[in-house]
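Source file: work_2.pdb; contents: PDB, C-alpha atoms.
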ATOM      1  CA  MET O 285       0.000   0.000   0.000
ATOM      2  CA  ALA O 286       1.430   3.356  -1.022
ATOM      3  CA  HIS O 287       1.725   6.174   1.482
ATOM      4  CA  GLU O 288       1.854   9.477  -0.363
ATOM      5  CA  TYR O 289       2.792  12.717   1.373
ATOM      6  CA  GLY O 290       0.662  14.899  -0.865
ATOM      7  CA  THR O 291      -2.792  14.620  -2.366
ATOM      8  CA  LEU O 292      -3.753  14.144  -5.979
ATOM      9  CA  ALA O 293      -5.802  17.364  -5.788
ATOM     10  CA  ALA O 294      -2.812  19.368  -4.504
ATOM     11  CA  LEU O 295      -0.555  17.961  -7.225
ATOM     12  CA  LYS O 296      -3.101  18.816  -9.922
ATOM     13  CA  GLU O 297      -3.294  22.368  -8.596
ATOM     14  CA  LYS O 298       0.510  22.669  -8.610
ATOM     15  CA  LEU O 299       0.584  21.480 -12.231
ATOM     16  CA  SER O 300      -2.408  23.654 -13.280
ATOM     17  CA  ILE O 301      -4.473  20.585 -14.187
ATOM     18  CA  GLU O 302      -8.238  20.910 -13.811
ATOM     19  CA  ALA O 303      -9.581  19.009 -10.810
ATOM     20  CA  ASP O 304     -12.146  17.140 -12.926
ATOM     21  CA  ASP O 305      -9.538  16.033 -15.500
ATOM     22  CA  THR O 306      -8.911  12.381 -14.608
ATOM     23  CA  SER O 307      -7.028  11.452 -17.783
ATOM     24  CA  ARG O 308      -3.626  11.690 -16.055
ATOM     25  CA  ASP O 309      -4.555  10.412 -12.598
ATOM     26  CA  THR O 310      -2.647   7.136 -12.985
ATOM     27  CA  LEU O 311       0.597   8.929 -13.881
ATOM     28  CA  LEU O 312       0.101  11.534 -11.154
ATOM     29  CA  THR O 313      -0.648   8.930  -8.490
ATOM     30  CA  SER O 314       2.434   6.968  -9.511
ATOM     31  CA  ALA O 315       4.554  10.136  -9.289
ATOM     32  CA  LEU O 316       3.206  10.862  -5.776
ATOM     33  CA  ALA O 317       4.013   7.329  -4.583
ATOM     34  CA  SER O 318       7.511   7.439  -6.092
ATOM     35  CA  ALA O 319       8.204  10.863  -4.587
ATOM     36  CA  ALA O 320       7.204   9.620  -1.121
ATOM     37  CA  GLN O 321       9.355   6.498  -1.446
ATOM     38  CA  GLY O 322      12.281   8.608  -2.615
ATOM     39  CA  ILE O 323      11.947  10.884   0.419
ATOM     40  CA  ASP O 324      11.803   7.862   2.734
ATOM     41  CA  ASN O 325      14.928   6.409   1.116
ATOM     42  CA  ALA O 326      16.841   9.707   1.247
ATOM     43  CA  THR O 327      15.987  10.479   4.874
ATOM     44  CA  GLY O 328      16.219   6.955   6.265
ATOM     45  CA  ARG O 329      12.800   7.265   7.900
ATOM     46  CA  ARG O 330       9.135   7.343   7.010
ATOM     47  CA  PHE O 331       6.623  10.011   7.878
ATOM     48  CA  TRP O 332       3.370   8.029   7.796
ATOM     49  CA  LEU O 333       2.037   6.479  10.998
ATOM     50  CA  ASP O 334       1.144   2.813  11.473
ATOM     51  CA  ASP O 335      -2.613   2.311  11.757
ATOM     52  CA  VAL O 336      -2.173  -0.138  14.648
ATOM     53  CA  PRO O 337       0.746  -0.970  16.965
ATOM     54  CA  VAL O 338       3.341  -3.324  15.468
ATOM     55  CA  GLN O 339       6.321  -5.113  17.030
ATOM     56  CA  ARG O 340       9.960  -4.428  16.297
ATOM     57  CA  VAL O 341      12.900  -6.120  17.942
ATOM     58  CA  TYR O 342      16.166  -4.301  18.662
ATOM     59  CA  ARG O 343      19.615  -5.558  19.523
ATOM     60  CA  PRO O 344      20.868  -3.007  22.096
ATOM     61  CA  ALA O 345      24.518  -3.218  21.004
ATOM     62  CA  GLY O 346      25.256  -0.025  19.099
ATOM     63  CA  ARG O 347      21.844   1.462  19.956
ATOM     64  CA  VAL O 348      22.466   2.511  23.573
ATOM     65  CA  VAL O 349      23.773   5.981  24.403
ATOM     66  CA  CYS O 350      24.966   6.746  27.942
ATOM     67  CA  GLU O 351      23.240   9.845  29.290
ATOM     68  CA  ALA O 352      23.756  11.577  32.641
ATOM     69  CA  ASP O 353      20.463  10.177  33.943
ATOM     70  CA  GLY O 354      20.537   6.665  32.457
ATOM     71  CA  GLU O 355      20.933   4.757  29.214
ATOM     72  CA  LEU O 356      19.047   5.849  26.113
ATOM     73  CA  LEU O 357      17.987   3.113  23.695
ATOM     74  CA  LEU O 358      17.635   4.545  20.189
ATOM     75  CA  VAL O 359      14.520   3.258  18.402
ATOM     76  CA  ASP O 360      12.767   3.880  15.107
ATOM     77  CA  ASP O 361      10.440   6.898  15.090
ATOM     78  CA  ILE O 362       7.384   6.358  17.299
ATOM     79  CA  GLY O 363       4.487   8.682  16.478
ATOM     80  CA  ASP O 364       1.848   7.663  19.025
ATOM     81  CA  LEU O 365       1.946   6.248  22.564
ATOM     82  CA  THR O 366      -1.258   4.250  22.106
ATOM     83  CA  GLY O 367      -0.406   0.587  22.631
ATOM     84  CA  LEU O 368       3.268   1.219  23.508
ATOM     85  CA  VAL O 369       4.784  -1.866  25.160
ATOM     86  CA  VAL O 370       8.489  -2.375  25.910
ATOM     87  CA  GLU O 371       9.867  -5.828  26.758
ATOM     88  CA  THR O 372      13.256  -7.482  27.122
ATOM     89  CA  GLY O 373      14.173 -11.077  26.365
ATOM     90  CA  ARG O 374      14.501 -13.282  23.322
ATOM     91  CA  GLY O 375      12.782 -16.151  21.581
ATOM     92  CA  ALA O 376       9.526 -16.980  23.373
ATOM     93  CA  THR O 377      10.513 -15.420  26.722
ATOM     94  CA  TRP O 378       9.804 -11.707  27.186
ATOM     95  CA  SER O 379       9.416  -9.556  30.316
ATOM     96  CA  ALA O 380       7.678  -6.180  30.430
ATOM     97  CA  VAL O 381       9.876  -3.167  31.149
ATOM     98  CA  THR O 382       8.738  -0.258  33.306
ATOM     99  CA  GLY O 383      10.546   2.805  34.598
ATOM    100  CA  TYR O 384      11.577   4.186  31.238
ATOM    101  CA  GLU O 385      10.875   7.597  29.720
ATOM    102  CA  THR O 386      10.338   8.531  26.098
ATOM    103  CA  GLN O 387      12.788  10.948  24.513
ATOM    104  CA  PRO O 388      13.070  13.681  23.449
ATOM    105  CA  ASP O 389      10.905  15.400  26.038
ATOM    106  CA  ASN O 390       7.654  16.795  24.590
ATOM    107  CA  ALA O 391       8.356  15.259  21.179
ATOM    108  CA  LEU O 392       4.761  14.310  20.369
ATOM    109  CA  ALA O 393       3.431  17.648  21.665
ATOM    110  CA  ASP O 394       5.834  19.357  19.255
ATOM    111  CA  GLY O 395       4.678  17.202  16.316
ATOM    112  CA  LYS O 396       7.892  15.169  16.288
ATOM    113  CA  PRO O 397       8.455  11.464  16.936
ATOM    114  CA  ILE O 398       9.873   9.704  19.950
ATOM    115  CA  THR O 399      13.332   8.438  19.004
ATOM    116  CA  GLY O 400      14.607   6.953  22.252
ATOM    117  CA  LEU O 401      13.647   5.148  25.442
ATOM    118  CA  LEU O 402      15.558   6.270  28.536
ATOM    119  CA  SER O 403      16.147   3.740  31.320
ATOM    120  CA  VAL O 404      15.944   6.270  34.147
ATOM    121  CA  ASN O 405      18.987   6.126  36.447
ATOM    122  CA  GLY O 406      19.732   2.672  35.123
ATOM    123  CA  THR O 407      20.902   0.576  32.241
ATOM    124  CA  TRP O 408      19.172  -1.634  29.738
ATOM    125  CA  GLY O 409      21.387  -4.341  31.264
ATOM    126  CA  ILE O 410      21.257  -6.615  28.263
ATOM    127  CA  THR O 411      24.255  -8.467  26.902
ATOM    128  CA  THR O 412      22.732 -11.205  24.776
ATOM    129  CA  GLY O 413      19.022 -10.328  24.856
ATOM    130  CA  ARG O 414      16.862  -8.036  22.790
ATOM    131  CA  VAL O 415      14.381  -5.253  23.367
ATOM    132  CA  ARG O 416      10.965  -5.700  21.786
ATOM    133  CA  VAL O 417       8.949  -2.541  21.242
ATOM    134  CA  THR O 418       5.293  -2.597  20.258
ATOM    135  CA  ALA O 419       4.222   0.820  19.033
ATOM    136  CA  ARG O 420       2.722   2.862  16.235
ATOM    137  CA  PHE O 421       5.870   3.724  14.310
ATOM    138  CA  GLY O 422       6.209   6.780  12.093
ATOM    139  CA  TRP O 423       5.534  10.476  12.671
ATOM    140  CA  PRO O 424       2.495  11.916  14.478
ATOM    141  CA  THR O 425       1.643  13.901  11.343
ATOM    142  CA  VAL O 426       3.437  14.473   8.065
ATOM    143  CA  PRO O 427       5.506  17.693   8.362
ATOM    144  CA  ASP O 428       4.562  20.508   5.965
ATOM    145  CA  ASP O 429       8.130  20.502   4.573
ATOM    146  CA  ILE O 430       7.797  16.830   3.620
ATOM    147  CA  THR O 431       4.427  17.410   1.948
ATOM    148  CA  GLU O 432       5.837  20.298  -0.086
ATOM    149  CA  ALA O 433       8.951  18.328  -1.028
ATOM    150  CA  ALA O 434       6.776  15.410  -2.149
ATOM    151  CA  LEU O 435       4.619  17.656  -4.337
ATOM    152  CA  ILE O 436       7.656  19.305  -5.931
ATOM    153  CA  GLN O 437       9.292  15.941  -6.564
ATOM    154  CA  ALA O 438       6.064  14.405  -7.870
ATOM    155  CA  SER O 439       5.687  17.356 -10.287
ATOM    156  CA  ARG O 440       9.223  16.782 -11.460
ATOM    157  CA  LEU O 441       8.655  13.036 -11.890
ATOM    158  CA  TYR O 442       5.419  13.617 -13.787
ATOM    159  CA  LYS O 443       7.123  16.059 -16.180
ATOM    160  CA  ARG O 444       9.977  13.589 -16.644
ATOM    161  CA  LYS O 445       7.846  11.742 -19.222
ATOM    162  CA  ASP O 446       8.563  14.696 -21.534
ATOM    163  CA  SER O 447      12.334  14.408 -21.016
ATOM    164  CA  PRO O 448      13.182  10.700 -21.143
ATOM    165  CA  GLU O 449      16.869  11.356 -21.745
ATOM    166  CA  GLY O 450      17.126  13.825 -18.869
ATOM    167  CA  ILE O 451      17.178  16.824 -21.194
ATOM    168  CA  ILE O 452      14.583  19.575 -21.200
ATOM    169  CA  GLY O 453      14.175  22.521 -23.470
ATOM    170  CA  SER O 454      12.324  25.807 -23.569
ATOM    171  CA  ALA O 455      12.247  28.805 -25.864
ATOM    172  CA  GLU O 456      13.440  31.017 -23.027
ATOM    173  CA  TRP O 457      16.325  28.931 -21.633
ATOM    174  CA  GLY O 458      17.229  26.613 -24.495
ATOM    175  CA  VAL O 459      18.191  22.968 -23.986
ATOM    176  CA  ARG O 460      19.724  21.813 -20.702
ATOM    177  CA  ASN O 461      20.241  18.684 -18.625
ATOM    178  CA  LEU O 462      18.071  18.053 -15.590
ATOM    179  CA  SER O 463      20.004  18.223 -12.348
ATOM    180  CA  ARG O 464      20.394  14.963 -10.452
ATOM    181  CA  ARG O 465      18.836  16.350  -7.305
ATOM    182  CA  ASP O 466      16.266  19.127  -6.993
ATOM    183  CA  PRO O 467      17.803  21.769  -4.686
ATOM    184  CA  ASP O 468      14.423  22.840  -3.278
ATOM    185  CA  VAL O 469      13.417  19.276  -2.440
ATOM    186  CA  TRP O 470      16.790  18.671  -0.841
ATOM    187  CA  ALA O 471      16.595  21.867   1.242
ATOM    188  CA  LEU O 472      13.165  20.814   2.525
ATOM    189  CA  ILE O 473      14.097  17.245   3.489
ATOM    190  CA  GLU O 474      17.682  17.756   4.678
ATOM    191  CA  PRO O 475      16.751  18.629   8.312
ATOM    192  CA  TYR O 476      14.896  15.292   8.569
ATOM    193  CA  ILE O 477      17.736  13.050   7.380
ATOM    194  CA  LEU O 478      18.909  10.516   9.948
ATOM    195  CA  PRO O 479      22.680  10.429  10.498
ATOM    196  CA  GLY O 480      24.272   7.987   8.065
ATOM    197  CA  PHE O 481      21.728   8.617   5.281
ATOM    198  CA  GLY O 482      21.629  11.057   2.381
TER     199      GLY O 482
END

Can the structure in the file be given as structure tokens, please?
Amino acid sequence: MAHEYGTLAALKEKLSIEADDTSRDTLLTSALASAAQGIDNATGRRFWLDDVPVQRVYRPAGRVVCEADGELLLVDDIGDLTGLVVETGRGATWSAVTGYETQPDNALADGKPITGLLSVNGTWGITTGRVRVTARFGWPTVPDDITEAALIQASRLYKRKDSPEGIIGSAEWGVRNLSRRDPDVWALIEPYILPGFG
């Protein structure tokens, strides 16, 4: 199932296509889906929220950061606390964990995801086990910057059908090659890139 970051109506408006013109909807929808996937790939994260809580298992090695007030386990973006369960163990044996805090403070209130679980004044204390997190992963809402970047990129992908060799031309500017990366899209998504991506 595709998770687009912009609507078909918004893309049509950006391209000056009449709302009731459905002749290009397949191409436009494909461009929206590809733009969203490209943003996910470039940033190393996704901005849509799981409909229901799902489980992910983490190996703590390389994911724990020592903080002044405990150990912080880095997790994938969590966009909603509904159904959040944290357990340690492995295989068929898991034990519920309590006494942790979500980080950063006020993340969800600020429209940002939770990215870590802090074991307050303690350690995750796991050498060979795992941490299993059940949560709604993703972002609370899609940031406006991501929506705009997706619409710009989808517009570019849609117009690409007219420049299959990567060359565009106009009476005003002449013939030129398309740049590899749209600078406006990149400026919009760059603050959201996880370290190690991009």

Chain and number of each residue from the PyMOL selection byres ((chain O and resi 306-310) around 12), as a PDB file with C-alpha atoms, in the coordinates of the input:
ATOM      1  CA  THR O 291      -2.792  14.620  -2.366  1.00  0.00           C
ATOM      2  CA  LEU O 292      -3.753  14.144  -5.979  1.00  0.00           C
ATOM      3  CA  ALA O 293      -5.802  17.364  -5.788  1.00  0.00           C
ATOM      4  CA  LEU O 295      -0.555  17.961  -7.225  1.00  0.00           C
ATOM      5  CA  LYS O 296      -3.101  18.816  -9.922  1.00  0.00           C
ATOM      6  CA  LEU O 299       0.584  21.480 -12.231  1.00  0.00           C
ATOM      7  CA  ILE O 301      -4.473  20.585 -14.187  1.00  0.00           C
ATOM      8  CA  GLU O 302      -8.238  20.910 -13.811  1.00  0.00           C
ATOM      9  CA  ALA O 303      -9.581  19.009 -10.810  1.00  0.00           C
ATOM     10  CA  ASP O 304     -12.146  17.140 -12.926  1.00  0.00           C
ATOM     11  CA  ASP O 305      -9.538  16.033 -15.500  1.00  0.00           C
ATOM     12  CA  LEU O 311       0.597   8.929 -13.881  1.00  0.00           C
ATOM     13  CA  LEU O 312       0.101  11.534 -11.154  1.00  0.00           C
ATOM     14  CA  THR O 313      -0.648   8.930  -8.490  1.00  0.00           C
ATOM     15  CA  SER O 314       2.434   6.968  -9.511  1.00  0.00           C
ATOM     16  CA  ALA O 315       4.554  10.136  -9.289  1.00  0.00           C
ATOM     17  CA  LEU O 316       3.206  10.862  -5.776  1.00  0.00           C
ATOM     18  CA  ALA O 317       4.013   7.329  -4.583  1.00  0.00           C
ATOM     19  CA  TYR O 442       5.419  13.617 -13.787  1.00  0.00           C
ATOM     20  CA  LYS O 443       7.123  16.059 -16.180  1.00  0.00           C
ATOM     21  CA  LYS O 445       7.846  11.742 -19.222  1.00  0.00           C
TER      22      LYS O 445
END

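Applied to the shown file, the PyMOL selection byres ((chain O and resi 403) around 9) selects the residues Asp353, Gly354, Glu355, Leu356, Leu357, Thr382, Gly383, Tyr384, Glu385, Leu401, Leu402, Val404, Asn405, Gly406, Thr407 and Trp408 of chain O.
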
Residue IDs satisfying the PyMOL selection byres ((chain O and resi 331-344) around 7), as an NGL selection string = :O and (287 or 329-330 or 345-348 or 357 or 363 or 367 or 414-424 or 426)

What would the file look like if the residues just selected were written as a CSV table (one decimal), in the coordinates of the input with C-alpha atoms?
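As written to disk, part16.csv reads:
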chain,number,residue,atom,x,y,z
O,287,HIS,CA,1.7,6.2,1.5
O,329,ARG,CA,12.8,7.3,7.9
O,330,ARG,CA,9.1,7.3,7.0
O,345,ALA,CA,24.5,-3.2,21.0
O,346,GLY,CA,25.3,0.0,19.1
O,347,ARG,CA,21.8,1.5,20.0
O,348,VAL,CA,22.5,2.5,23.6
O,357,LEU,CA,18.0,3.1,23.7
O,363,GLY,CA,4.5,8.7,16.5
O,367,GLY,CA,-0.4,0.6,22.6
O,414,ARG,CA,16.9,-8.0,22.8
O,415,VAL,CA,14.4,-5.3,23.4
O,416,ARG,CA,11.0,-5.7,21.8
O,417,VAL,CA,8.9,-2.5,21.2
O,418,THR,CA,5.3,-2.6,20.3
O,419,ALA,CA,4.2,0.8,19.0
O,420,ARG,CA,2.7,2.9,16.2
O,421,PHE,CA,5.9,3.7,14.3
O,422,GLY,CA,6.2,6.8,12.1
O,423,TRP,CA,5.5,10.5,12.7
O,424,PRO,CA,2.5,11.9,14.5
O,426,VAL,CA,3.4,14.5,8.1

Return the single residue from O:Tyr476, O:Gln437, O:Lys298, O:Thr399 that is closest to Thr386 in chain O, with distances computed using all atoms listed in the file.
-> O:Thr399

Test item: residues at most 9 Å from Ala434 in chain O, all atoms listed in the file, excluding those fewer than 3 positions along its chain, as a PyMOL selection string | chain O and resi 288-290+316-320+322-323+429-431+437-439+469

So which residues touch Pro479 in chain O within 12 Å, counting all atoms listed in the file, skipping near sequence neighbours fewer than 2 positions away, as a list in words?
-> Ala326, Thr327, Gly328, Arg329, Glu474, Pro475, Tyr476, Ile477, Phe481 and Gly482 of chain O

Tell me, in Å to one decimal, how far CA of Pro397 in chain O is from CA of Leu368 in chain O.
->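 The value is 13.2 Å.
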
Just how far from CA of Gln321 in chain O is CA of Ala433 in chain O, in Å to one decimal?
-> 11.8 Å

What does the distance from CA of Pro388 in chain O to CA of Val369 in chain O come to in Å, to one decimal?
->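 Atom-to-atom, CA of Pro388 in chain O and CA of Val369 in chain O are spaced 17.7 Å apart.
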